[in-house]
Each structure stands twice: as C-alpha cells, then as structure tokens.
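Written out below as structure tokens is the structure these notes cover.
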Amino acid sequence: METKSEVLYTDMNGPSQQNTPTVYPRLTPTAPPQFPNPVQESVNPVNPHFAQNPPPYYAPIQRTAPPRPQPRCTSLSTLPSPTSPTFQQQQQQQHPTVINTNIQPSTDHFRHLQQQQQLPAVESPPSREQQTISSSQWTIWKSGYLEYGKSFTGNASNVGSWFRYYIQLRAGEFRLCGSMENQTGAQAISLDADLYTAIQDKKYLCLQYRDNLHVLRCKNETECIRWFVAFTSQTQAGPIMEGYCEKMSGRKKKYETRFMRLASDGIMTWYVSDSDTSSSRGSIQLRGVTSAIDRLDNRVVISRIGKRDFKLKFPDSAEANAWLKAFAWYTRHTPLKNSKLRNSAKQ
C-alpha cells in the first residue's frame, strides 16, 4: 500500500524503480607494453621492460694522482766523491763565466762625471727633533702705531718725552717711521741676543741694552703683551714664575702661605691668594740681588736684601732650585729705581 508521499512522487517523476546494485566487469592483469630494444629484440623473461643485455654506457674516467716532484738534492750517498774520476770530469766540463770589468769611458762620460761632482749635495730631510728646534726659532714680524721714548736708567717712568711712530718689527731690527705711508728716513735699531726685553707697569715695553733703555708705551696691558711676545722671538726675556710657597714674616717671625709672582722685569710680588681680586701685600726686585739655598733646609731659598735675609720655603728641593735659577738670572742686571719697591735702588 502506497503512502501519500509515494503517490505524489510517482505522479511527478513517473513510476518508481527499484534500486539495483551496479555491477562492474572484472579486470584481469595484463602484461606491460613491450618496447623494442635497438640492441636486441628478444625480451628478458625476468624483467620484460629491458632487454637481456643492458643498454650501452660510458666507462668512468680513471683519475690518477700527478707524479710527485723529484727532490732537487740527491742523497749524500749518491753524490760522487771529490776524489772519484766522475767528479773530476764534471768539474772540467764546467766553464766559469768571465765578466770583463775593464771600462774605457769616452770623453762625454768624463764630462758627465765632472758635472755630477760640481752639483751640490742633496740634503737629507730634517729629523723630528730638528724640526721642533727650528720651529721655536721663528721670527715674528709686527707693525703698528706706538709711542716711543728713551731713558738712560732702568726705569720706564724716567722717559722725558714721547713721540708717536709707526713701529715696524722685522728680522734683526725694528724701525721708527713717521707714518705708514711715509717710511723714508726711518731710524733702524738693531736687535741681538744681548737686548733684554721686559714689561714695566703693565703698559711699558722696555728694550734694555746696558745703560740705554728703549721704551714703547702701549694703550693697555693686552697690547703690551702682544708686542712682548713679538720682540722675545728675536731678543732675550727674563724668566716668569708663579706659585705658592711659605714666606717668612719679618714681624711675626713665622712662615705664612703666600702666592708669589715673578714678572719679566725682575720684580716679585706676593699676594694672599691667586685670585685676581687679591691685593698686593708687598714687592721686591731681584735685580742685583744674590740668592742661595739654605744650608739647614734645602727647600728654603734665601735672598740677601740690604741687611735682611728674605726667606721663601717651597714644597720640595726641586721647586726651590727652579726658583733659585730664575733669581740668579736677574742678579747681573741693573736695579730699578722705584719707590714702591722695598729694596729700591738709591736715587
């Protein structure tokens, strides 16, 4: 009995068919295809894909090791003995090479040799030490307008009159010109190692030679220092020293810490500290003053000033000897006449 759904399906798609299984035909194994062998047409029954004989192939390349080089020297046992006839025959067969050293130069060759002897020898380049020494011997050229005066004492303040010149500092001399445009009739003053250059009162550049003192008055201290550096490249200048030490007080009879400053004019000034605002506590000149190391303490330098011994105590003996050498440099120079100095020269 058909249901309602089956009836509807039958009406729409026709009568229903029974589901029957699909039957496939049975496959039987077959032999693989046979390919003709150009070498032999017979088929190998074991492996029908190949012929009885394998296909042709190339034989592998046989690589052989390169021959080992023969030693250059044979063993001593194989060498012939010097007394053997074989060795003597080999020596006779060897012909030594003969080089003729007899030269017969022509006339042109002799002229060429004479010209080489007349040529100056080529100088070797200077070493590093020689370059350092030569660089410190440079001369500075400088020019500008300054006031010039002359004094017959060691003091720049004793100059009677000042004249404005155009100063030219050159190699070995400095010239006094009327102006930069008019240099005719300029007065030249020679410079040598005996000329002593110093700064006095921060603005006077002094060039002293024995009793003659040439003074250049600058506008300020900075300009004076620049001219001082230029002149010292061709003249000598006194040592400049600065540092702390202990100074023996004349009243208290004890050592006090002071900052000492030795200027290029031979005047030494001491301060409480190295500050720019520190005021001077006193000054002396070392020109014409004899100094020595104390026998009881090698750190103390004693300078004889009038009837008093001026004592300075340094941290060690090496620094004391350095200051003593600076003091001794000013001993041979004429003392200055300055009322501000405690040991001023007599008027």
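Ordered as shown in the structure tokens, chains take letters A, B, and onward, while each chain numbers its residues from 1 and ligands are numbered from 1 in the order shown.
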
* **Backbone DSSP call of strand (DSSP E or B) for segment 235-266 of chain A, listed as a PyMOL selection string** => chain A and resi 236-237+241-248+255-262

* Find the residues near Asn158 of chain A: any atom within 10 Å, counting only C-alpha atoms, skip ones fewer than 4 places away on the same chain, and give them as a list in words. =>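 Using only C-alpha atoms, the neighbours found are Gly149, Lys150, Ser151, Phe152, Thr153, Gly154, Leu213 and Lys337 of chain A.
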
* **Option closest in space to Ser264 of chain A, from A:Lys307, A:Lys142, A:Arg287, A:Arg299 [counting only C-alpha atoms]** => A:Arg287

* **Two-atom distance - atom CA of Gly238 of chain A, atom CA of Val289 of chain A (Å)** =>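 These two atoms are separated by 14.7 Å.
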
* Asked: Neighbours of Thr331 of chain A within 12 Å (only C-alpha atoms; same-chain residues fewer than 6 positions away dropped), as a PyMOL selection string?
  -> chain A and resi 238+265-267+285-292+303-305+324-325

* Structure fact -> Using only C-alpha atoms, the shortest atom-to-atom distance to Thr235 of chain A among A:Tyr204, A:Phe174, A:Phe259, A:Tyr145 belongs to A:Phe174

* Met241 of chain A: which residues within 9 Å, counting only C-alpha atoms, same-chain residues fewer than 6 positions away excluded, as a PyMOL selection string? -> chain A and resi 260-264+268+323+326

Based on the selection just made, write N, CA, C and O atoms of those residues as a PDB file, in the first residue's frame.
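Contents of the output file selection_35.pdb:
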ATOM      1  N   MET A 260     103.305  83.797  45.089  1.00  0.00           N
ATOM      2  CA  MET A 260     104.385  84.626  44.573  1.00  0.00           C
ATOM      3  C   MET A 260     104.266  84.743  43.052  1.00  0.00           C
ATOM      4  O   MET A 260     103.910  83.777  42.365  1.00  0.00           O
ATOM      5  N   ARG A 261     104.577  85.931  42.546  1.00  0.00           N
ATOM      6  CA  ARG A 261     104.530  86.197  41.106  1.00  0.00           C
ATOM      7  C   ARG A 261     105.774  86.991  40.716  1.00  0.00           C
ATOM      8  O   ARG A 261     105.959  88.134  41.147  1.00  0.00           O
ATOM      9  N   LEU A 262     106.622  86.361  39.875  1.00  0.00           N
ATOM     10  CA  LEU A 262     107.849  86.987  39.390  1.00  0.00           C
ATOM     11  C   LEU A 262     107.621  87.456  37.964  1.00  0.00           C
ATOM     12  O   LEU A 262     107.352  86.640  37.066  1.00  0.00           O
ATOM     13  N   ALA A 263     107.720  88.781  37.715  1.00  0.00           N
ATOM     14  CA  ALA A 263     107.472  89.349  36.399  1.00  0.00           C
ATOM     15  C   ALA A 263     108.758  89.383  35.581  1.00  0.00           C
ATOM     16  O   ALA A 263     109.860  89.094  36.068  1.00  0.00           O
ATOM     17  N   SER A 264     108.603  89.757  34.291  1.00  0.00           N
ATOM     18  CA  SER A 264     109.748  89.744  33.382  1.00  0.00           C
ATOM     19  C   SER A 264     110.724  90.880  33.648  1.00  0.00           C
ATOM     20  O   SER A 264     111.848  90.847  33.122  1.00  0.00           O
ATOM     21  N   MET A 268     109.308  90.827  42.002  1.00  0.00           N
ATOM     22  CA  MET A 268     108.500  89.749  42.563  1.00  0.00           C
ATOM     23  C   MET A 268     107.504  90.351  43.555  1.00  0.00           C
ATOM     24  O   MET A 268     107.880  91.074  44.480  1.00  0.00           O
ATOM     25  N   TRP A 323     113.269  78.006  41.295  1.00  0.00           N
ATOM     26  CA  TRP A 323     113.123  79.422  41.630  1.00  0.00           C
ATOM     27  C   TRP A 323     114.486  80.091  41.814  1.00  0.00           C
ATOM     28  O   TRP A 323     114.659  81.262  41.469  1.00  0.00           O
ATOM     29  N   ALA A 326     115.855  81.147  38.492  1.00  0.00           N
ATOM     30  CA  ALA A 326     115.193  82.358  37.997  1.00  0.00           C
ATOM     31  C   ALA A 326     115.713  83.594  38.717  1.00  0.00           C
ATOM     32  O   ALA A 326     115.927  84.651  38.093  1.00  0.00           O
TER      33      ALA A 326
END

* Structure fact -> atom CA of Leu146 of chain A to atom CA of Phe163 of chain A measures 8.3 Å

* Name the closest residue to Ile284 of chain A among the candidates A:Ile240, A:Leu341, A:Leu169, A:Leu207; distances are taken between atoms, counting only C-alpha atoms. =>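 Nearest candidate to Ile284 of chain A out of A:Ile240, A:Leu341, A:Leu169, A:Leu207: A:Leu341.
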
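The smallest atom-to-atom distance between Ser190 of chain A and any of A:Phe314, A:Trp329, A:Tyr209, A:Tyr271, using only C-alpha atoms, is found for A:Tyr209.
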
* **Residue among A:Glu181, A:Ala156, A:Ser233, A:Arg164 lying closest to Thr139 of chain A, counting only C-alpha atoms** => A:Ser233

* Top pick for closest residue to Leu312 of chain A, considering A:Asn182, A:Ser161, A:Thr257, A:Gln200 and counting only C-alpha atoms ->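 Looking at the shortest contact to Leu312 of chain A, the residue is A:Thr257.
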
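Straight-line separation from atom CA of Ser275 of chain A to atom CA of Asn155 of chain A: 28.0 Å.
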